[in-house]
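Reproduced below: upload23.pdb, with PDB, C-alpha atoms and all ligand atoms.
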```
ATOM      1  CA  MET A   1     120.981 121.966  87.133
ATOM      2  CA  GLN A   2     117.472 123.011  88.106
ATOM      3  CA  GLU A   3     116.434 123.066  84.448
ATOM      4  CA  ASN A   4     117.776 119.533  84.081
ATOM      5  CA  ASP A   5     115.860 118.279  87.099
ATOM      6  CA  LYS A   6     112.676 119.759  85.723
ATOM      7  CA  ARG A   7     113.170 118.098  82.363
ATOM      8  CA  ILE A   8     113.765 114.681  83.942
ATOM      9  CA  HIS A   9     110.671 115.061  86.096
ATOM     10  CA  HIS A  10     108.499 115.688  83.052
ATOM     11  CA  VAL A  11     109.531 112.608  81.076
ATOM     12  CA  LEU A  12     106.300 110.625  81.264
ATOM     13  CA  SER A  13     105.636 106.994  80.394
ATOM     14  CA  TYR A  14     102.292 107.845  78.803
ATOM     15  CA  VAL A  15     100.706 110.384  76.513
ATOM     16  CA  ARG A  16      97.718 112.039  78.094
ATOM     17  CA  ARG A  17      94.723 111.160  75.959
ATOM     18  CA  THR A  18      91.176 111.733  77.050
ATOM     19  CA  GLY A  19      89.838 108.474  75.649
ATOM     20  CA  ARG A  20      86.168 108.809  74.892
ATOM     21  CA  LEU A  21      83.797 106.752  76.987
ATOM     22  CA  ASP A  22      80.731 105.221  75.370
ATOM     23  CA  ASP A  23      77.414 105.414  77.243
ATOM     24  CA  ARG A  24      77.947 102.054  78.915
ATOM     25  CA  LEU A  25      81.332 103.124  80.297
ATOM     26  CA  LYS A  26      79.978 106.533  81.330
ATOM     27  CA  ARG A  27      77.223 104.792  83.298
ATOM     28  CA  ALA A  28      79.795 102.444  84.853
ATOM     29  CA  TRP A  29      81.895 105.443  85.895
ATOM     30  CA  GLN A  30      78.937 107.174  87.530
ATOM     31  CA  ARG A  31      77.719 104.074  89.252
ATOM     32  CA  TYR A  32      80.951 102.540  90.468
ATOM     33  CA  SER A  33      83.483 105.340  90.919
ATOM     34  CA  PRO A  34      82.339 106.052  94.506
ATOM     35  CA  ASP A  35      83.160 102.407  95.364
ATOM     36  CA  PHE A  36      86.436 102.019  93.523
ATOM     37  CA  LEU A  37      88.132 105.283  92.624
ATOM     38  CA  LEU A  38      90.490 106.685  95.249
ATOM     39  CA  ASP A  39      90.133 110.416  95.711
ATOM     40  CA  ILE A  40      93.864 111.093  95.645
ATOM     41  CA  ASN A  41      94.503 112.997  92.435
ATOM     42  CA  ALA A  42      94.718 116.708  92.007
ATOM     43  CA  GLY A  43      91.450 116.797  89.986
ATOM     44  CA  ASP A  44      90.525 118.771  86.846
ATOM     45  CA  GLY A  45      91.758 115.917  84.697
ATOM     46  CA  LEU A  46      95.231 116.069  86.251
ATOM     47  CA  LEU A  47      96.988 112.835  87.015
ATOM     48  CA  ASP A  48      99.205 114.345  89.694
ATOM     49  CA  LEU A  49      98.658 113.322  93.281
ATOM     50  CA  THR A  50      96.861 115.596  95.704
ATOM     51  CA  PRO A  51      99.687 117.705  97.193
ATOM     52  CA  GLY A  52     100.777 116.339 100.557
ATOM     53  CA  PHE A  53      99.151 112.918 100.063
ATOM     54  CA  VAL A  54     100.948 110.181 102.007
ATOM     55  CA  PHE A  55     100.507 106.569 100.909
ATOM     56  CA  ASP A  56     100.857 104.560 104.096
ATOM     57  CA  ARG A  57      99.235 101.652 105.937
ATOM     58  CA  ASP A  58      96.892 104.055 107.658
ATOM     59  CA  PHE A  59      95.545 105.191 104.282
ATOM     60  CA  VAL A  60      95.156 101.534 103.211
ATOM     61  CA  ARG A  61      93.271 100.722 106.418
ATOM     62  CA  LYS A  62      90.847 103.572 105.783
ATOM     63  CA  ALA A  63      90.417 103.019 102.042
ATOM     64  CA  TRP A  64      89.932  99.227 102.217
ATOM     65  CA  GLY A  65      88.587  98.998 105.747
ATOM     66  CA  ASN A  66      90.959  96.226 106.807
ATOM     67  CA  GLU A  67      94.581  95.294 107.525
ATOM     68  CA  ASN A  68      95.018  92.870 104.615
ATOM     69  CA  PRO A  69      98.193  92.908 102.518
ATOM     70  CA  LEU A  70      98.188  95.133  99.434
ATOM     71  CA  VAL A  71      99.154  94.181  95.873
ATOM     72  CA  ILE A  72      99.587  97.094  93.451
ATOM     73  CA  GLU A  73      99.471  96.713  89.670
ATOM     74  CA  ILE A  74     100.971  99.559  87.626
ATOM     75  CA  GLY A  75      99.313 100.092  84.240
ATOM     76  CA  THR A  76      96.307  97.770  84.533
ATOM     77  CA  GLY A  77      94.942  98.516  81.045
ATOM     78  CA  GLN A  78      91.446  97.050  80.807
ATOM     79  CA  GLY A  79      91.893  95.480  84.230
ATOM     80  CA  GLU A  80      91.723  91.850  83.089
ATOM     81  CA  ASN A  81      94.556  90.788  85.296
ATOM     82  CA  ILE A  82      93.810  92.616  88.522
ATOM     83  CA  ILE A  83      90.117  91.722  88.359
ATOM     84  CA  ALA A  84      90.944  88.006  88.070
ATOM     85  CA  ALA A  85      93.441  88.273  90.919
ATOM     86  CA  ALA A  86      91.069  90.225  93.171
ATOM     87  CA  GLN A  87      88.335  87.671  92.522
ATOM     88  CA  ALA A  88      90.649  84.734  93.247
ATOM     89  CA  ARG A  89      92.155  86.260  96.421
ATOM     90  CA  PRO A  90      89.455  88.016  98.476
ATOM     91  CA  GLU A  91      91.756  88.217 101.527
ATOM     92  CA  THR A  92      94.223  90.433  99.672
ATOM     93  CA  ASN A  93      93.703  94.119  98.834
ATOM     94  CA  PHE A  94      94.375  95.114  95.222
ATOM     95  CA  LEU A  95      95.141  98.547  93.823
ATOM     96  CA  ALA A  96      94.917  99.189  90.065
ATOM     97  CA  VAL A  97      96.984 102.183  88.942
ATOM     98  CA  GLU A  98      96.044 103.353  85.459
ATOM     99  CA  VAL A  99      95.998 106.720  83.712
ATOM    100  CA  TYR A 100      93.735 106.041  80.718
ATOM    101  CA  ASP A 101      89.998 106.768  81.187
ATOM    102  CA  PRO A 102      88.573 103.822  79.185
ATOM    103  CA  GLY A 103      90.859 101.384  81.015
ATOM    104  CA  VAL A 104      89.791 102.790  84.380
ATOM    105  CA  ALA A 105      86.117 102.621  83.330
ATOM    106  CA  HIS A 106      86.406  99.006  82.123
ATOM    107  CA  THR A 107      88.073  98.011  85.371
ATOM    108  CA  MET A 108      85.252  99.633  87.348
ATOM    109  CA  LEU A 109      82.614  97.955  85.199
ATOM    110  CA  ARG A 110      84.129  94.520  85.718
ATOM    111  CA  GLY A 111      84.819  95.101  89.394
ATOM    112  CA  GLY A 112      81.285  96.409  89.907
ATOM    113  CA  LYS A 113      79.609  93.463  88.232
ATOM    114  CA  LEU A 114      81.626  91.101  90.413
ATOM    115  CA  ARG A 115      81.050  93.273  93.516
ATOM    116  CA  LEU A 116      84.734  93.130  94.382
ATOM    117  CA  ALA A 117      85.191  94.561  97.852
ATOM    118  CA  ASN A 118      88.988  94.256  97.801
ATOM    119  CA  LEU A 119      89.649  96.377  94.677
ATOM    120  CA  ARG A 120      90.445 100.093  94.471
ATOM    121  CA  ILE A 121      91.647 102.162  91.527
ATOM    122  CA  ALA A 122      94.048 105.127  91.480
ATOM    123  CA  GLN A 123      93.975 107.223  88.313
ATOM    124  CA  VAL A 124      97.371 108.799  88.865
ATOM    125  CA  ASN A 125     100.840 108.803  87.362
ATOM    126  CA  ALA A 126     102.189 105.653  89.051
ATOM    127  CA  PRO A 127     105.721 106.928  89.855
ATOM    128  CA  GLU A 128     104.190 109.778  91.849
ATOM    129  CA  LEU A 129     102.201 107.339  93.945
ATOM    130  CA  PHE A 130     105.334 105.382  94.805
ATOM    131  CA  LYS A 131     107.214 108.570  95.569
ATOM    132  CA  ALA A 132     104.519 109.323  98.169
ATOM    133  CA  SER A 133     104.671 105.826  99.680
ATOM    134  CA  GLU A 134     105.805 104.974 103.187
ATOM    135  CA  PRO A 135     108.045 101.957 103.827
ATOM    136  CA  GLY A 136     106.285  98.613 103.719
ATOM    137  CA  VAL A 137     102.908  99.802 102.393
ATOM    138  CA  ALA A 138     102.885  97.158  99.625
ATOM    139  CA  GLU A 139     103.125  93.385  99.755
ATOM    140  CA  GLU A 140     103.777  93.053  96.021
ATOM    141  CA  VAL A 141     104.017  95.269  92.921
ATOM    142  CA  TRP A 142     103.250  94.156  89.357
ATOM    143  CA  THR A 143     104.128  95.807  86.043
ATOM    144  CA  PHE A 144     102.905  93.620  83.195
ATOM    145  CA  PHE A 145     103.514  94.627  79.585
ATOM    146  CA  PRO A 146     104.534  98.228  80.152
ATOM    147  CA  ASP A 147     104.270 100.498  77.111
ATOM    148  CA  PRO A 148     107.323  99.517  75.014
ATOM    149  CA  TRP A 149     108.345 102.952  73.663
ATOM    150  CA  PRO A 150     110.222 101.261  70.799
ATOM    151  CA  LYS A 151     111.947 104.282  69.252
ATOM    152  CA  MET A 152     115.477 104.793  70.569
ATOM    153  CA  ARG A 153     114.789 108.420  71.420
ATOM    154  CA  HIS A 154     111.764 107.352  73.481
ATOM    155  CA  HIS A 155     113.488 104.677  75.584
ATOM    156  CA  LYS A 156     113.762 107.235  78.392
ATOM    157  CA  ARG A 157     109.967 107.160  78.643
ATOM    158  CA  ARG A 158     109.960 103.504  79.703
ATOM    159  CA  ILE A 159     108.333 103.304  83.107
ATOM    160  CA  VAL A 160     110.918 100.956  84.631
ATOM    161  CA  GLN A 161     113.572 103.449  85.758
ATOM    162  CA  PRO A 162     116.048 103.669  88.650
ATOM    163  CA  ALA A 163     114.017 106.360  90.444
ATOM    164  CA  LEU A 164     110.848 104.243  90.301
ATOM    165  CA  ALA A 165     112.817 101.200  91.479
ATOM    166  CA  ASP A 166     114.058 103.249  94.486
ATOM    167  CA  ASP A 167     110.508 104.198  95.404
ATOM    168  CA  ILE A 168     109.048 100.729  94.820
ATOM    169  CA  ARG A 169     111.774  99.225  97.015
ATOM    170  CA  LYS A 170     110.819 101.692  99.735
ATOM    171  CA  SER A 171     107.140 100.762  99.413
ATOM    172  CA  LEU A 172     107.749  96.999  99.614
ATOM    173  CA  CYS A 173     107.975  94.882 102.727
ATOM    174  CA  LYS A 174     111.329  93.101 103.032
ATOM    175  CA  GLY A 175     111.209  89.808 101.098
ATOM    176  CA  SER A 176     108.343  91.007  98.880
ATOM    177  CA  VAL A 177     108.630  91.135  95.119
ATOM    178  CA  TRP A 178     108.262  93.412  92.108
ATOM    179  CA  ARG A 179     107.078  91.288  89.180
ATOM    180  CA  ILE A 180     107.600  92.572  85.663
ATOM    181  CA  ALA A 181     106.728  91.029  82.291
ATOM    182  CA  THR A 182     107.361  92.202  78.748
ATOM    183  CA  ASP A 183     107.126  90.755  75.248
ATOM    184  CA  ILE A 184     109.697  93.211  73.887
ATOM    185  CA  GLU A 185     113.248  91.850  73.841
ATOM    186  CA  ASP A 186     114.836  95.286  74.005
ATOM    187  CA  TYR A 187     112.663  96.140  77.028
ATOM    188  CA  ALA A 188     113.916  92.951  78.682
ATOM    189  CA  LEU A 189     117.491  94.219  78.280
ATOM    190  CA  HIS A 190     116.345  97.572  79.671
ATOM    191  CA  VAL A 191     114.852  95.871  82.765
ATOM    192  CA  HIS A 192     118.095  93.966  83.393
ATOM    193  CA  GLU A 193     120.119  97.164  83.062
ATOM    194  CA  VAL A 194     117.925  99.036  85.522
ATOM    195  CA  MET A 195     117.459  96.223  88.038
ATOM    196  CA  ASP A 196     120.219  93.600  88.041
ATOM    197  CA  GLY A 197     123.003  95.727  89.512
ATOM    198  CA  ARG A 198     120.954  96.974  92.463
ATOM    199  CA  SER A 199     121.902  95.947  95.973
ATOM    200  CA  ASP A 200     118.375  96.488  97.343
ATOM    201  CA  PHE A 201     116.705  93.992  94.978
ATOM    202  CA  ALA A 202     117.765  90.423  94.142
ATOM    203  CA  ASN A 203     116.878  88.893  90.796
ATOM    204  CA  ALA A 204     115.015  85.759  91.924
ATOM    205  CA  GLY A 205     114.830  84.254  88.433
ATOM    206  CA  ASP A 206     116.069  80.730  87.784
ATOM    207  CA  LEU A 207     115.875  80.596  83.986
ATOM    208  CA  THR A 208     118.864  81.537  81.836
ATOM    209  CA  VAL A 209     117.943  83.726  78.891
ATOM    210  CA  SER A 210     120.300  84.973  76.193
ATOM    211  CA  LEU A 211     119.770  88.579  75.086
ATOM    212  CA  PRO A 212     121.596  91.054  72.840
ATOM    213  CA  ILE A 213     123.645  93.414  74.968
ATOM    214  CA  GLU A 214     123.178  96.480  72.803
ATOM    215  CA  HIS A 215     119.961  98.354  72.353
ATOM    216  CA  VAL A 216     117.947  98.393  69.178
ATOM    217  CA  GLY A 217     114.927 100.524  68.377
ATOM    218  CA  LYS A 218     112.137 100.797  65.863
ATOM    219  CA  GLY A 219     113.698 100.268  62.456
ATOM    220  CA  THR A 220     116.854  98.627  63.818
ATOM    221  CA  ALA A 221     115.257  95.705  65.707
ATOM    222  CA  GLY A 222     116.255  93.377  62.848
ATOM    223  CA  ARG A 223     119.922  93.809  63.870
ATOM    224  CA  ALA A 224     119.321  92.286  67.306
ATOM    225  CA  ALA A 225     120.066  88.659  66.376
ATOM    226  CA  SER A 226     123.529  89.528  65.017
ATOM    227  CA  LEU A 227     124.578  91.581  68.063
ATOM    228  CA  PRO A 228     126.731  90.068  70.831
ATOM    229  CA  HIS A 229     124.608  88.258  73.417
ATOM    230  CA  ALA A 230     124.965  87.504  77.133
ATOM    231  CA  ASP A 231     123.050  85.335  79.616
ATOM    232  CA  PHE A 232     120.589  86.869  82.073
ATOM    233  CA  LYS A 233     118.356  85.455  84.814
ATOM    234  CA  GLU A 234     114.612  85.543  84.289
ATOM    235  CA  SER A 235     111.583  83.770  85.772
ATOM    236  CA  GLU A 236     109.005  81.210  84.712
ATOM    237  CA  ARG A 237     105.677  82.692  83.701
ATOM    238  CA  TYR A 238     103.988  84.013  86.836
ATOM    239  CA  GLU A 239     101.037  81.692  87.417
ATOM    240  CA  GLY A 240      99.036  84.554  88.973
ATOM    241  CA  ARG A 241      98.894  86.388  85.642
ATOM    242  CA  VAL A 242      95.996  85.838  83.245
ATOM    243  CA  LEU A 243      96.476  86.032  79.495
ATOM    244  CA  THR A 244      95.502  89.598  78.577
ATOM    245  CA  ASN A 245      94.924  90.878  75.044
ATOM    246  CA  PHE A 246      98.347  92.505  75.131
ATOM    247  CA  GLU A 247     100.058  89.236  75.912
ATOM    248  CA  LYS A 248      97.948  87.392  73.308
ATOM    249  CA  LYS A 249      98.959  89.902  70.628
ATOM    250  CA  GLY A 250     102.625  89.512  71.537
ATOM    251  CA  LEU A 251     102.405  85.723  71.358
ATOM    252  CA  ALA A 252     100.473  85.866  68.077
ATOM    253  CA  ALA A 253     103.271  88.018  66.635
ATOM    254  CA  GLY A 254     105.767  85.304  67.627
ATOM    255  CA  ARG A 255     107.337  87.304  70.457
ATOM    256  CA  VAL A 256     108.847  85.675  73.534
ATOM    257  CA  ILE A 257     107.478  86.692  76.942
ATOM    258  CA  HIS A 258     110.085  87.716  79.517
ATOM    259  CA  ASP A 259     109.099  87.411  83.182
ATOM    260  CA  PHE A 260     111.107  88.957  86.022
ATOM    261  CA  THR A 261     110.899  88.609  89.782
ATOM    262  CA  TYR A 262     112.921  91.079  91.868
ATOM    263  CA  ARG A 263     112.920  90.423  95.602
ATOM    264  CA  ALA A 264     113.340  93.270  98.071
ATOM    265  CA  VAL A 265     116.446  92.553 100.188
TER     266      VAL A 265
HETATM  267  C1  LIG B   1     100.733  98.185  77.172
HETATM  268  S1  LIG B   1      99.498  98.514  78.349
HETATM  269  C2  LIG B   1      99.400  96.998  79.260
HETATM  270  C3  LIG B   1      98.152  96.852  80.054
HETATM  271  C4  LIG B   1      98.033  95.604  80.931
HETATM  272  N1  LIG B   1      99.079  95.557  81.931
HETATM  273  C5  LIG B   1      98.017  94.342  80.109
HETATM  274  O1  LIG B   1      98.940  93.543  80.197
HETATM  275  O2  LIG B   1      97.042  94.145  79.378
HETATM  276  C6  LIG B   1     100.335  99.626  79.468
HETATM  277  C7  LIG B   1      99.382 100.393  80.348
HETATM  278  O3  LIG B   1     100.131 101.200  81.253
HETATM  279  C8  LIG B   1      99.454 102.434  81.440
HETATM  280  N2  LIG B   1     100.438 103.424  81.927
HETATM  281  C9  LIG B   1     101.504 103.915  81.251
HETATM  282  N3  LIG B   1     102.186 104.785  82.019
HETATM  283  C10 LIG B   1     101.534 104.844  83.211
HETATM  284  C11 LIG B   1     101.761 105.586  84.407
HETATM  285  N4  LIG B   1     102.796 106.427  84.511
HETATM  286  N5  LIG B   1     100.919 105.423  85.445
HETATM  287  C12 LIG B   1      99.862 104.562  85.337
HETATM  288  N6  LIG B   1      99.589 103.832  84.219
HETATM  289  C13 LIG B   1     100.419 103.960  83.175
HETATM  290  C14 LIG B   1      98.912 102.742  80.048
HETATM  291  O4  LIG B   1      97.852 103.678  80.066
HETATM  292  C15 LIG B   1      98.481 101.353  79.572
HETATM  293  O5  LIG B   1      97.141 101.080  79.900
END
```

How does the structure come out when it is put into structure tokens?
Ligand SMILES: C[S@@+](CC[C@H](N)C(=O)[O-])C[C@H]1O[C@@H](n2cnc3c(N)ncnc32)[C@H](O)[C@@H]1O
Amino acid sequence: MQENDKRIHHVLSYVRRTGRLDDRLKRAWQRYSPDFLLDINAGDGLLDLTPGFVFDRDFVRKAWGNENPLVIEIGTGQGENIIAAAQARPETNFLAVEVYDPGVAHTMLRGGKLRLANLRIAQVNAPELFKASEPGVAEEVWTFFPDPWPKMRHHKRRIVQPALADDIRKSLCKGSVWRIATDIEDYALHVHEVMDGRSDFANAGDLTVSLPIEHVGKGTAGRAASLPHADFKESERYEGRVLTNFEKKGLAAGRVIHDFTYRAV
């Protein structure tokens, strides 16, 4: 049993790569990390949280210097989305959670140029941060275009999982939402499977979308159209999301974007 627990714990949604930073990004890191990067990871290149760290409103008050509501984006990539949101909504605190060095550096560079006072960045494994969260610390959580992990044997690496949903629900204020978007049809089915049967979240979508009800993976995706389908509830495109390169690539490849809004009940 213990062995099993260990194995489950170590299934990660990312592959640790030390992406190389060019000189511009290295300078951005040096210059802006004191302003943006939260000192909450275990250090030495580890993406684990500092042991004993508690993510609560008190921490938010100290780290942002105010009582404003907090929006957390998991997997911010180059930061296009969270930077635009932080710029548009100065009265809201934003936290970018990203593991990949170049993404973190780009986000700092953009945030620094715009002198965003309401942005902070956590370079940690996102599920650990939510595990350490206290009830009601977050006003909203966003997960846009999570890594698709298309091979069947890798589906377990998808970041949207029941344990993360438990912890995100705990972190959210009642009535707040977890917004998710994906351009991968099979990931959309995965999101519905993880989220729709939960009693602590309500699917607030008002669009009806037909999806295959069996999973396909890399190499078998072509079978999807001929599989039995069912109707699911999804949302209109979230107007607070900018078009990132990931979304552009998905659209250019002819993929349909699936948006989800799950309300904490
Ligand atoms: C496909 S990209 C999408 C980036 C961005 N949301 C966008 O739409 O452009 C997924 C991002 O999630 C990050 N990621 C994956 N697993 C993560 C984790 N456990 N914690 C934090 N970030 C993670 C990856 O490093 C990557 O930058």

- Item | 6 Å contact set for segment 161-175 of chain A, all atoms listed in the file, chain neighbours under 6 positions out, as a list of chain:residue names |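 Counting only the stated atoms, we get A:Pro127, A:Phe130, A:Lys131, A:Ser133, A:Glu134, A:Pro135, A:Gly136, A:Val137, A:Ala138, A:Glu139, A:Val194, A:Arg263, A:Ala264, A:Val265.
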
Which residues of chain A come within 6 Å of ligand LIG 1 (chain B), and for each one, what is the closest pair of atoms and their distance in Å to one decimal, counting all atoms listed in the file, sorted by chain and residue number, as a Markdown table?
```
| residue | atom | partner | partner_atom | distance |
| --- | --- | --- | --- | --- |
| A:Ser13 | CA | B:LIG1 | N3 | 4.4 |
| A:Tyr14 | CA | B:LIG1 | N3 | 4.4 |
| A:Ile74 | CA | B:LIG1 | C12 | 5.6 |
| A:Gly75 | CA | B:LIG1 | O3 | 3.3 |
| A:Thr76 | CA | B:LIG1 | N1 | 4.4 |
| A:Gly77 | CA | B:LIG1 | O5 | 3.6 |
| A:Val97 | CA | B:LIG1 | C12 | 5.2 |
| A:Glu98 | CA | B:LIG1 | N6 | 3.8 |
| A:Val99 | CA | B:LIG1 | N6 | 4.6 |
| A:Tyr100 | CA | B:LIG1 | O4 | 4.8 |
| A:Val124 | CA | B:LIG1 | N5 | 6.0 |
| A:Asn125 | CA | B:LIG1 | N5 | 3.9 |
| A:Ala126 | CA | B:LIG1 | N5 | 3.8 |
| A:Phe144 | CA | B:LIG1 | N1 | 4.5 |
| A:Phe145 | CA | B:LIG1 | O1 | 4.7 |
| A:Pro146 | CA | B:LIG1 | C6 | 4.5 |
| A:Asp147 | CA | B:LIG1 | C1 | 4.2 |
| A:Thr244 | CA | B:LIG1 | O2 | 4.9 |
| A:Asn245 | CA | B:LIG1 | O2 | 5.8 |
| A:Phe246 | CA | B:LIG1 | O2 | 4.7 |
```

- Task: State, in Å with one decimal place, the distance from atom CA of Arg158 of chain A to atom CA of Asp56 of chain A.
- Result: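 Straight-line distance from atom CA of Arg158 of chain A to atom CA of Asp56 of chain A works out to 26.1 Å.
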
- How would you write, as an MDAnalysis selection string, the residues chosen by the PyMOL selection byres (((chain A and resi 85) around 12) and not hetatm) on this structure? chainID A and resid 70:73 76 79:84 86:96 111 116 118:119 142 239:242

- Close residues, Lys218 of chain A itself excluded, 10 Å, all atoms listed in the file, min 5 positions apart in chain, as a PyMOL selection string: chain A and resi 149-153

Any chance you could export the current selection's C-alpha atoms as a PDB file, keeping the file's coordinate frame?
```pdb
ATOM      1  CA  TRP A 149     108.345 102.952  73.663  1.00  0.00           C
ATOM      2  CA  PRO A 150     110.222 101.261  70.799  1.00  0.00           C
ATOM      3  CA  LYS A 151     111.947 104.282  69.252  1.00  0.00           C
ATOM      4  CA  MET A 152     115.477 104.793  70.569  1.00  0.00           C
ATOM      5  CA  ARG A 153     114.789 108.420  71.420  1.00  0.00           C
TER       6      ARG A 153
END
```

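Taking atom CA of Thr208 of chain A and atom CA of Asp231 of chain A as the two end points, the separation is 6.1 Å.
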